[in-house]
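Enquirer: This is the structure I have questions about; it appears just below.
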Amino acid sequence: MRNERLQNAGYATGRGALELAVAGWSDLSVKLWDLRRACFDEESPGPDETTRSERYMLNVFYPNDGASVRCGINGERLERRQPFSVVCEPGDEVCFGFSGGCTVWTFFFQADWASSAGPAPHLRLPEQRLVIPHLDRDVQRLCLSLSTHWNGDELDRFRCQALFQELLYVLLRQTHETVKLDPRMAIEETRRYMDRHFAVKLSIEHLARRTGTSEGYFMQLFRKVYGCSPLDYIAERRLEEAQRWLRRAPNMPVRDVSRTVGYEDEGYFSRRFKQKLGITPSAYRTSNHYRAVALNYHTIGYLLALQIIPSGARLDPRYVREYHDRYADDVAVRLDHLQDPGIVLQTLARHEPDLIVVRENIGSHQIAELKRLAPVLVLPWHDTVHWRTMFRLAATFLHKETQAERWLQQYDRRAEHVRRRIPAAVRRESLLIVGATDQGMVLVGRRHAGSVMYEDLGFAPAFTPPTALHPMQPEQLASIDADRILLIADSGTAARHDLQTLYRSSAWRTLRAVHSRKVHRVDRGLWFEYTPHAHLWVLQAAAALFS
């Protein structure tokens, strides 16, 4: 029964489980070459010097009470206050340091794998960074015994070979037990491995074997912990690295950047890059030399749709987390916390921008001051001006009219594709868009998310409020009683409080959408934006929600 439960939970059992946990150790034979024991006290905290290991090396650390161990391997660092061990491979750059005293056993050994009648193991020790975060008493007992016998006669040395085999077995077995008890720990170690090796081909089978779980359970747990699939995570890491190469190596051909980060197909790389950032790799490189400032976060999406990443912007993650997470490294001047117009002007003067984009709701005096620094694109901002009109206005100002029309055609094709994916019966149901913002509860009209949902995707509006974001009270929902509700929530304290008030209200509990489980709650994302780039994002989000 126990084995059956483990299998149902996603774990292999018996011999197979150990093989999955240690990924190829079953054919391992080892020979202990040397061991050293060192004791560091508070007065001698350890060298923190980097050395290159010449053999396989097992390090076992027992820090004193209240002490900590700093461990660095090939630039990856961790710190532990509990006993732990780590296996290093030949050629590793290794650095250890201690605060408060520590006892360290270091075992140098040779590792060989015998050929197997079955399939060759997918992993070898160099790829299996064995880190045991908590050590049981057997480990310390074996380390002490090894230290004693290593300094004895030839027969004692012979016994040390068996003791070292047992020590490795105990550590490997504990690895397996650690995975069973806390698979997130193994997932985290695998994620760090992915961070180091994202440029090579990594299969789900390969990664699941490292974690010691089945492929299905590994994918499920990884998504639960990190919010995306393992392959999407690898793609994200590759594209982040590509951004760095495009910034720091302006003469490096795009095809070489593509191959460096793990994409052999330059065309596929360019499509993935544009899907993530909204612009091609070549345009991204060019945009890093063009200093455009988006003075309001509502204007960022107009620049992005025209293949320009702003060099200065407000990227407050409370309101535009999507932009913050994707473009924070590219925005040299962050204006999030600058409220004083005088300080903003001083900051922009030092930046020497080529373009400043603002909404018309700022004062004419401030616009005049900005025009002394750079050309200023002023976008109208009232309910009668459609986002397409503002987009064409921006394109004309930047002499990118052809590019804008091409973008709009692609957007319309994408909207038609998403509309066909969503069942007609779903689109015919009345939809109400409700926002829980840090400024209060609102009903969303035909701008923002409503522009995409009602105009582009053809959802039937349950109610059209008189303003774009119309203040509301929970009692109003009862008179509307939509078939479906899209509930967009900010992450702030005020928004969370308003949501709890809404959920507890009698008006909410009697709604048709609540009873039929047709309430779609989403985080803010870019749902409240009214820009071309944000609307493309909303199309993708709506496809995931309703198709």
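Residues are referred to by chain and number: the chain letter is A, B, ... according to the order shown in the structure tokens, the number counts from 1 in that chain, and ligands are numbered separately from 1 in the order shown.
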Quick one: residues within 9 Å of region 464-479 of chain A, only C-alpha atoms, excluding same-chain residues fewer than 2 positions away - as a list in words?
Expert: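 Residues meeting the cut-off are Asp383, Leu432, Val434, Gly435, Gly440, Met441, Val442, Leu443, Val444, Gly445, Arg446, Arg447, His448, Gly450, Pro461, Ala462, Asp481, Ala482, Thr501, Leu502, Ser505, Ser506, Ala507, Trp508, Thr510 and Leu511 of chain A.
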Enquirer: Would you save the residues of that selection, restricted to C-alpha atoms, as a JSON list (two decimals), in the first residue's frame?
Expert:
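Saved as out.json:
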```json
[["chain", "number", "residue", "atom", "x", "y", "z"],
["A", 383, "ASP", "CA", -13.02, 59.11, -23.09],
["A", 432, "LEU", "CA", -19.51, 42.36, -16.44],
["A", 434, "VAL", "CA", -15.39, 44.58, -12.13],
["A", 435, "GLY", "CA", -12.18, 46.09, -10.77],
["A", 440, "GLY", "CA", -11.89, 51.58, -4.73],
["A", 441, "MET", "CA", -14.27, 49.21, -6.54],
["A", 442, "VAL", "CA", -15.09, 50.12, -10.15],
["A", 443, "LEU", "CA", -17.13, 48.93, -13.10],
["A", 444, "VAL", "CA", -15.05, 48.81, -16.28],
["A", 445, "GLY", "CA", -16.61, 50.30, -19.39],
["A", 446, "ARG", "CA", -15.60, 50.14, -23.04],
["A", 447, "ARG", "CA", -12.03, 51.28, -22.45],
["A", 448, "HIS", "CA", -9.21, 49.35, -20.80],
["A", 450, "GLY", "CA", -13.59, 46.47, -21.97],
["A", 461, "PRO", "CA", -21.69, 43.69, -22.16],
["A", 462, "ALA", "CA", -24.00, 43.22, -19.18],
["A", 481, "ASP", "CA", -26.79, 40.22, -12.46],
["A", 482, "ALA", "CA", -24.47, 39.28, -15.35],
["A", 501, "THR", "CA", -16.28, 43.18, 1.81],
["A", 502, "LEU", "CA", -17.65, 42.24, -1.60],
["A", 505, "SER", "CA", -22.09, 41.02, 0.94],
["A", 506, "SER", "CA", -25.52, 39.49, 0.40],
["A", 507, "ALA", "CA", -25.63, 41.09, -3.06],
["A", 508, "TRP", "CA", -22.58, 39.07, -4.13],
["A", 510, "THR", "CA", -27.08, 35.99, -4.74],
["A", 511, "LEU", "CA", -25.50, 36.73, -8.13]]
```
Enquirer: For a test of reading the model, state the distance in Å between CA of Arg141 (chain A) and CA of Val86 (chain A), rounded to one decimal.
Expert: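 Computing the Euclidean distance for CA of Arg141 (chain A) and CA of Val86 (chain A) yields 17.5 Å.
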Enquirer: I'd like the neighbourhood of Val293 (chain A) as a PyMOL selection string, where a residue qualifies if any of its atoms comes within 6 Å (using only C-alpha atoms), though same-chain residues fewer than 3 positions away should be ignored.
Expert: chain A and resi 310-313+356
Enquirer: Restricted to N, CA and C atoms, what would the selected residues look like written as a CSV table (one decimal), in the first residue's frame?
Expert:
```csv
chain,number,residue,atom,x,y,z
A,310,PRO,N,11.4,52.1,-23.7
A,310,PRO,CA,11.8,53.4,-23.1
A,310,PRO,C,13.1,53.2,-22.2
A,311,SER,N,13.9,54.2,-22.3
A,311,SER,CA,15.1,54.2,-21.4
A,311,SER,C,14.8,54.9,-20.1
A,312,GLY,N,13.7,55.6,-20.0
A,312,GLY,CA,13.2,56.1,-18.7
A,312,GLY,C,11.7,55.9,-18.6
A,313,ALA,N,11.3,55.5,-17.4
A,313,ALA,CA,9.8,55.2,-17.3
A,313,ALA,C,9.5,55.0,-15.8
A,356,ILE,N,10.3,62.5,-25.2
A,356,ILE,CA,9.5,62.4,-24.0
A,356,ILE,C,8.1,62.2,-24.4
```
Enquirer: Show me, as a PDB file with N, CA and C atoms, in the first residue's frame, the residues that have an atom within 10 Å of Leu202 (chain A) when counting only C-alpha atoms, minus same-chain residues fewer than 4 positions from it.
Expert:
```pdb
ATOM      1  N   MET A 194      19.023  24.442 -13.794  1.00  0.00           N
ATOM      2  CA  MET A 194      18.512  25.017 -15.033  1.00  0.00           C
ATOM      3  C   MET A 194      19.091  26.410 -15.266  1.00  0.00           C
ATOM      4  N   HIS A 197      22.538  25.814 -16.759  1.00  0.00           N
ATOM      5  CA  HIS A 197      22.676  25.049 -18.005  1.00  0.00           C
ATOM      6  C   HIS A 197      21.544  25.308 -18.999  1.00  0.00           C
ATOM      7  N   PHE A 198      20.893  26.475 -18.928  1.00  0.00           N
ATOM      8  CA  PHE A 198      19.755  26.730 -19.811  1.00  0.00           C
ATOM      9  C   PHE A 198      20.149  26.762 -21.282  1.00  0.00           C
ATOM     10  N   HIS A 206      15.118  14.367 -18.299  1.00  0.00           N
ATOM     11  CA  HIS A 206      16.405  14.674 -17.668  1.00  0.00           C
ATOM     12  C   HIS A 206      16.195  15.412 -16.348  1.00  0.00           C
ATOM     13  N   LEU A 207      15.342  16.434 -16.352  1.00  0.00           N
ATOM     14  CA  LEU A 207      15.128  17.252 -15.158  1.00  0.00           C
ATOM     15  C   LEU A 207      14.365  16.486 -14.089  1.00  0.00           C
ATOM     16  N   PRO A 230       8.478  24.050 -16.783  1.00  0.00           N
ATOM     17  CA  PRO A 230       9.944  24.046 -16.825  1.00  0.00           C
ATOM     18  C   PRO A 230      10.504  24.572 -18.143  1.00  0.00           C
ATOM     19  N   LEU A 231       9.886  24.180 -19.257  1.00  0.00           N
ATOM     20  CA  LEU A 231      10.405  24.628 -20.551  1.00  0.00           C
ATOM     21  C   LEU A 231      10.190  26.123 -20.754  1.00  0.00           C
ATOM     22  N   ILE A 234      12.965  27.817 -18.832  1.00  0.00           N
ATOM     23  CA  ILE A 234      14.228  27.787 -19.577  1.00  0.00           C
ATOM     24  C   ILE A 234      14.208  28.833 -20.691  1.00  0.00           C
TER      25      ILE A 234
END
```
Enquirer: So which bits of region 371-474 of chain A end up helix (DSSP H, G or I) when you DSSP the backbone, as a ChimeraX atom specification?
Expert: /A:371,387-397,401-421,424-428,449-456
Enquirer: Could you save the residues just selected, with N, CA and C atoms, as a short mmCIF file (atom, residue, chain, number, x, y, z; two decimals), in the first residue's frame?
Expert:
```cif
data_model
loop_
_atom_site.label_atom_id
_atom_site.label_comp_id
_atom_site.auth_asym_id
_atom_site.auth_seq_id
_atom_site.Cartn_x
_atom_site.Cartn_y
_atom_site.Cartn_z
N LYS A 371 9.80 70.41 -23.08
CA LYS A 371 10.19 70.66 -24.47
C LYS A 371 11.57 71.31 -24.56
N TRP A 387 -7.95 54.29 -28.54
CA TRP A 387 -6.53 53.94 -28.48
C TRP A 387 -5.90 53.84 -29.86
N ARG A 388 -6.66 53.42 -30.86
CA ARG A 388 -6.11 53.33 -32.21
C ARG A 388 -5.75 54.73 -32.73
N THR A 389 -6.59 55.71 -32.40
CA THR A 389 -6.30 57.08 -32.80
C THR A 389 -5.02 57.57 -32.16
N MET A 390 -4.86 57.30 -30.86
CA MET A 390 -3.64 57.72 -30.16
C MET A 390 -2.42 56.99 -30.71
N PHE A 391 -2.60 55.73 -31.08
CA PHE A 391 -1.48 54.97 -31.63
C PHE A 391 -1.02 55.56 -32.96
N ARG A 392 -1.97 55.90 -33.81
CA ARG A 392 -1.61 56.50 -35.10
C ARG A 392 -0.99 57.88 -34.90
N LEU A 393 -1.46 58.61 -33.90
CA LEU A 393 -0.87 59.91 -33.60
C LEU A 393 0.59 59.75 -33.19
N ALA A 394 0.86 58.77 -32.34
CA ALA A 394 2.24 58.51 -31.91
C ALA A 394 3.11 58.09 -33.09
N ALA A 395 2.55 57.23 -33.95
CA ALA A 395 3.31 56.75 -35.10
C ALA A 395 3.66 57.90 -36.06
N THR A 396 2.71 58.81 -36.27
CA THR A 396 2.97 59.96 -37.14
C THR A 396 4.07 60.84 -36.56
N PHE A 397 4.02 61.07 -35.27
CA PHE A 397 5.03 61.89 -34.60
C PHE A 397 6.42 61.30 -34.77
N GLU A 401 4.43 55.48 -39.48
CA GLU A 401 3.05 55.20 -39.86
C GLU A 401 2.88 53.81 -40.47
N THR A 402 3.79 53.44 -41.38
CA THR A 402 3.68 52.12 -42.02
C THR A 402 3.80 51.01 -41.00
N GLN A 403 4.73 51.15 -40.10
CA GLN A 403 4.92 50.15 -39.06
C GLN A 403 3.69 50.03 -38.18
N ALA A 404 3.05 51.16 -37.85
CA ALA A 404 1.85 51.14 -37.01
C ALA A 404 0.69 50.43 -37.71
N GLU A 405 0.50 50.72 -39.00
CA GLU A 405 -0.60 50.07 -39.72
C GLU A 405 -0.36 48.57 -39.82
N ARG A 406 0.89 48.17 -40.03
CA ARG A 406 1.20 46.75 -40.07
C ARG A 406 0.90 46.11 -38.71
N TRP A 407 1.25 46.79 -37.64
CA TRP A 407 0.98 46.27 -36.30
C TRP A 407 -0.53 46.10 -36.08
N LEU A 408 -1.32 47.08 -36.50
CA LEU A 408 -2.77 47.01 -36.31
C LEU A 408 -3.37 45.86 -37.11
N GLN A 409 -2.87 45.64 -38.31
CA GLN A 409 -3.37 44.51 -39.10
C GLN A 409 -3.06 43.18 -38.41
N GLN A 410 -1.85 43.05 -37.88
CA GLN A 410 -1.50 41.83 -37.15
C GLN A 410 -2.35 41.67 -35.89
N TYR A 411 -2.63 42.77 -35.22
CA TYR A 411 -3.47 42.72 -34.02
C TYR A 411 -4.87 42.25 -34.38
N ASP A 412 -5.43 42.78 -35.45
CA ASP A 412 -6.79 42.39 -35.85
C ASP A 412 -6.85 40.92 -36.21
N ARG A 413 -5.82 40.42 -36.88
CA ARG A 413 -5.79 38.99 -37.20
C ARG A 413 -5.71 38.16 -35.92
N ARG A 414 -4.91 38.61 -34.98
CA ARG A 414 -4.80 37.89 -33.71
C ARG A 414 -6.13 37.92 -32.95
N ALA A 415 -6.81 39.06 -32.95
CA ALA A 415 -8.10 39.16 -32.27
C ALA A 415 -9.13 38.23 -32.91
N GLU A 416 -9.12 38.15 -34.23
CA GLU A 416 -10.04 37.25 -34.92
C GLU A 416 -9.74 35.80 -34.56
N HIS A 417 -8.47 35.46 -34.47
CA HIS A 417 -8.08 34.10 -34.09
C HIS A 417 -8.57 33.76 -32.69
N VAL A 418 -8.38 34.67 -31.75
CA VAL A 418 -8.82 34.42 -30.37
C VAL A 418 -10.34 34.36 -30.31
N ARG A 419 -11.02 35.22 -31.04
CA ARG A 419 -12.48 35.23 -31.05
C ARG A 419 -13.03 33.88 -31.53
N ARG A 420 -12.40 33.30 -32.52
CA ARG A 420 -12.86 32.00 -33.01
C ARG A 420 -12.58 30.88 -32.02
N ARG A 421 -11.54 31.03 -31.22
CA ARG A 421 -11.22 30.00 -30.22
C ARG A 421 -12.22 29.99 -29.07
N ALA A 424 -18.89 30.47 -29.17
CA ALA A 424 -19.87 31.54 -29.39
C ALA A 424 -20.85 31.63 -28.22
N ALA A 425 -21.18 30.49 -27.62
CA ALA A 425 -22.11 30.49 -26.49
C ALA A 425 -21.54 31.28 -25.31
N VAL A 426 -20.24 31.22 -25.13
CA VAL A 426 -19.60 31.97 -24.04
C VAL A 426 -19.65 33.47 -24.35
N ARG A 427 -19.38 33.84 -25.60
CA ARG A 427 -19.37 35.26 -25.97
C ARG A 427 -20.77 35.87 -25.92
N ARG A 428 -21.80 35.02 -26.13
CA ARG A 428 -23.17 35.55 -26.09
C ARG A 428 -23.64 35.82 -24.66
N ALA A 449 -9.80 47.02 -20.29
CA ALA A 449 -10.13 45.63 -20.65
C ALA A 449 -11.41 45.56 -21.47
N GLY A 450 -12.34 46.49 -21.23
CA GLY A 450 -13.59 46.47 -21.97
C GLY A 450 -13.42 46.66 -23.45
N SER A 451 -12.40 47.43 -23.85
CA SER A 451 -12.15 47.65 -25.27
C SER A 451 -11.86 46.33 -25.97
N VAL A 452 -11.06 45.49 -25.36
CA VAL A 452 -10.72 44.20 -25.96
C VAL A 452 -11.89 43.23 -25.86
N MET A 453 -12.46 43.10 -24.67
CA MET A 453 -13.49 42.08 -24.45
C MET A 453 -14.75 42.36 -25.25
N TYR A 454 -15.21 43.61 -25.27
CA TYR A 454 -16.47 43.94 -25.92
C TYR A 454 -16.30 44.25 -27.41
N GLU A 455 -15.30 45.06 -27.76
CA GLU A 455 -15.15 45.48 -29.15
C GLU A 455 -14.41 44.44 -29.99
N ASP A 456 -13.27 43.97 -29.51
CA ASP A 456 -12.42 43.10 -30.33
C ASP A 456 -12.83 41.64 -30.27
#
```
Enquirer: Excluding Phe273 (chain A) and any residue of its chain fewer than 2 positions from it, enumerate the residues within 10 Å of it, using only C-alpha atoms, and give them as a PDB file with N, CA and C atoms, in the first residue's frame.
Expert:
```
ATOM      1  N   ALA A 235      13.083  28.919 -21.405  1.00  0.00           N
ATOM      2  CA  ALA A 235      12.976  29.912 -22.478  1.00  0.00           C
ATOM      3  C   ALA A 235      13.128  31.326 -21.927  1.00  0.00           C
ATOM      4  N   GLU A 236      12.536  31.577 -20.761  1.00  0.00           N
ATOM      5  CA  GLU A 236      12.648  32.901 -20.145  1.00  0.00           C
ATOM      6  C   GLU A 236      14.101  33.218 -19.795  1.00  0.00           C
ATOM      7  N   ARG A 238      16.758  31.976 -21.232  1.00  0.00           N
ATOM      8  CA  ARG A 238      17.498  32.188 -22.474  1.00  0.00           C
ATOM      9  C   ARG A 238      17.279  33.596 -23.016  1.00  0.00           C
ATOM     10  N   LEU A 239      16.035  34.047 -22.974  1.00  0.00           N
ATOM     11  CA  LEU A 239      15.734  35.364 -23.525  1.00  0.00           C
ATOM     12  C   LEU A 239      16.302  36.479 -22.653  1.00  0.00           C
ATOM     13  N   GLU A 240      16.331  36.276 -21.342  1.00  0.00           N
ATOM     14  CA  GLU A 240      16.975  37.257 -20.463  1.00  0.00           C
ATOM     15  C   GLU A 240      18.462  37.368 -20.785  1.00  0.00           C
ATOM     16  N   ALA A 242      19.806  36.635 -23.643  1.00  0.00           N
ATOM     17  CA  ALA A 242      19.914  37.258 -24.965  1.00  0.00           C
ATOM     18  C   ALA A 242      19.847  38.780 -24.853  1.00  0.00           C
ATOM     19  N   GLN A 243      18.968  39.283 -23.987  1.00  0.00           N
ATOM     20  CA  GLN A 243      18.907  40.729 -23.778  1.00  0.00           C
ATOM     21  C   GLN A 243      20.256  41.277 -23.321  1.00  0.00           C
ATOM     22  N   SER A 258      21.753  34.091 -30.736  1.00  0.00           N
ATOM     23  CA  SER A 258      20.784  32.995 -30.697  1.00  0.00           C
ATOM     24  C   SER A 258      21.445  31.690 -30.279  1.00  0.00           C
ATOM     25  N   GLY A 267      15.548  32.158 -36.676  1.00  0.00           N
ATOM     26  CA  GLY A 267      14.179  32.617 -36.898  1.00  0.00           C
ATOM     27  C   GLY A 267      13.277  32.313 -35.714  1.00  0.00           C
ATOM     28  N   TYR A 268      13.411  31.099 -35.178  1.00  0.00           N
ATOM     29  CA  TYR A 268      12.611  30.729 -34.009  1.00  0.00           C
ATOM     30  C   TYR A 268      12.976  31.607 -32.814  1.00  0.00           C
ATOM     31  N   PHE A 269      14.274  31.859 -32.644  1.00  0.00           N
ATOM     32  CA  PHE A 269      14.726  32.736 -31.561  1.00  0.00           C
ATOM     33  C   PHE A 269      14.103  34.125 -31.694  1.00  0.00           C
ATOM     34  N   SER A 270      14.110  34.674 -32.896  1.00  0.00           N
ATOM     35  CA  SER A 270      13.560  36.016 -33.102  1.00  0.00           C
ATOM     36  C   SER A 270      12.070  36.054 -32.796  1.00  0.00           C
ATOM     37  N   ARG A 271      11.345  34.980 -33.185  1.00  0.00           N
ATOM     38  CA  ARG A 271       9.909  34.946 -32.897  1.00  0.00           C
ATOM     39  C   ARG A 271       9.656  34.880 -31.399  1.00  0.00           C
ATOM     40  N   GLN A 275       7.834  37.698 -29.139  1.00  0.00           N
ATOM     41  CA  GLN A 275       6.667  37.300 -28.353  1.00  0.00           C
ATOM     42  C   GLN A 275       6.795  37.777 -26.906  1.00  0.00           C
ATOM     43  N   LYS A 276       8.005  37.739 -26.379  1.00  0.00           N
ATOM     44  CA  LYS A 276       8.226  38.143 -24.986  1.00  0.00           C
ATOM     45  C   LYS A 276       8.290  39.658 -24.832  1.00  0.00           C
ATOM     46  N   LEU A 277       9.074  40.322 -25.679  1.00  0.00           N
ATOM     47  CA  LEU A 277       9.357  41.739 -25.479  1.00  0.00           C
ATOM     48  C   LEU A 277       8.572  42.667 -26.397  1.00  0.00           C
ATOM     49  N   GLY A 278       7.915  42.091 -27.396  1.00  0.00           N
ATOM     50  CA  GLY A 278       7.131  42.932 -28.287  1.00  0.00           C
ATOM     51  C   GLY A 278       7.919  43.540 -29.425  1.00  0.00           C
ATOM     52  N   ILE A 279       9.238  43.319 -29.453  1.00  0.00           N
ATOM     53  CA  ILE A 279      10.063  43.849 -30.529  1.00  0.00           C
ATOM     54  C   ILE A 279      11.082  42.787 -30.931  1.00  0.00           C
ATOM     55  N   THR A 280      11.646  42.940 -32.128  1.00  0.00           N
ATOM     56  CA  THR A 280      12.628  41.982 -32.621  1.00  0.00           C
ATOM     57  C   THR A 280      13.971  42.209 -31.931  1.00  0.00           C
ATOM     58  N   PRO A 281      14.876  41.221 -31.978  1.00  0.00           N
ATOM     59  CA  PRO A 281      16.210  41.431 -31.393  1.00  0.00           C
ATOM     60  C   PRO A 281      16.944  42.630 -31.994  1.00  0.00           C
ATOM     61  N   TYR A 284      15.441  45.738 -30.673  1.00  0.00           N
ATOM     62  CA  TYR A 284      15.823  45.863 -29.258  1.00  0.00           C
ATOM     63  C   TYR A 284      17.206  46.489 -29.138  1.00  0.00           C
TER      64      TYR A 284
END
```
Enquirer: At what distance in Å, to one decimal, does CA of Gln307 (chain A) lie from CA of Lys274 (chain A)?
Expert: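 About the pair CA of Lys274 (chain A) and CA of Gln307 (chain A): they are 9.5 Å apart.
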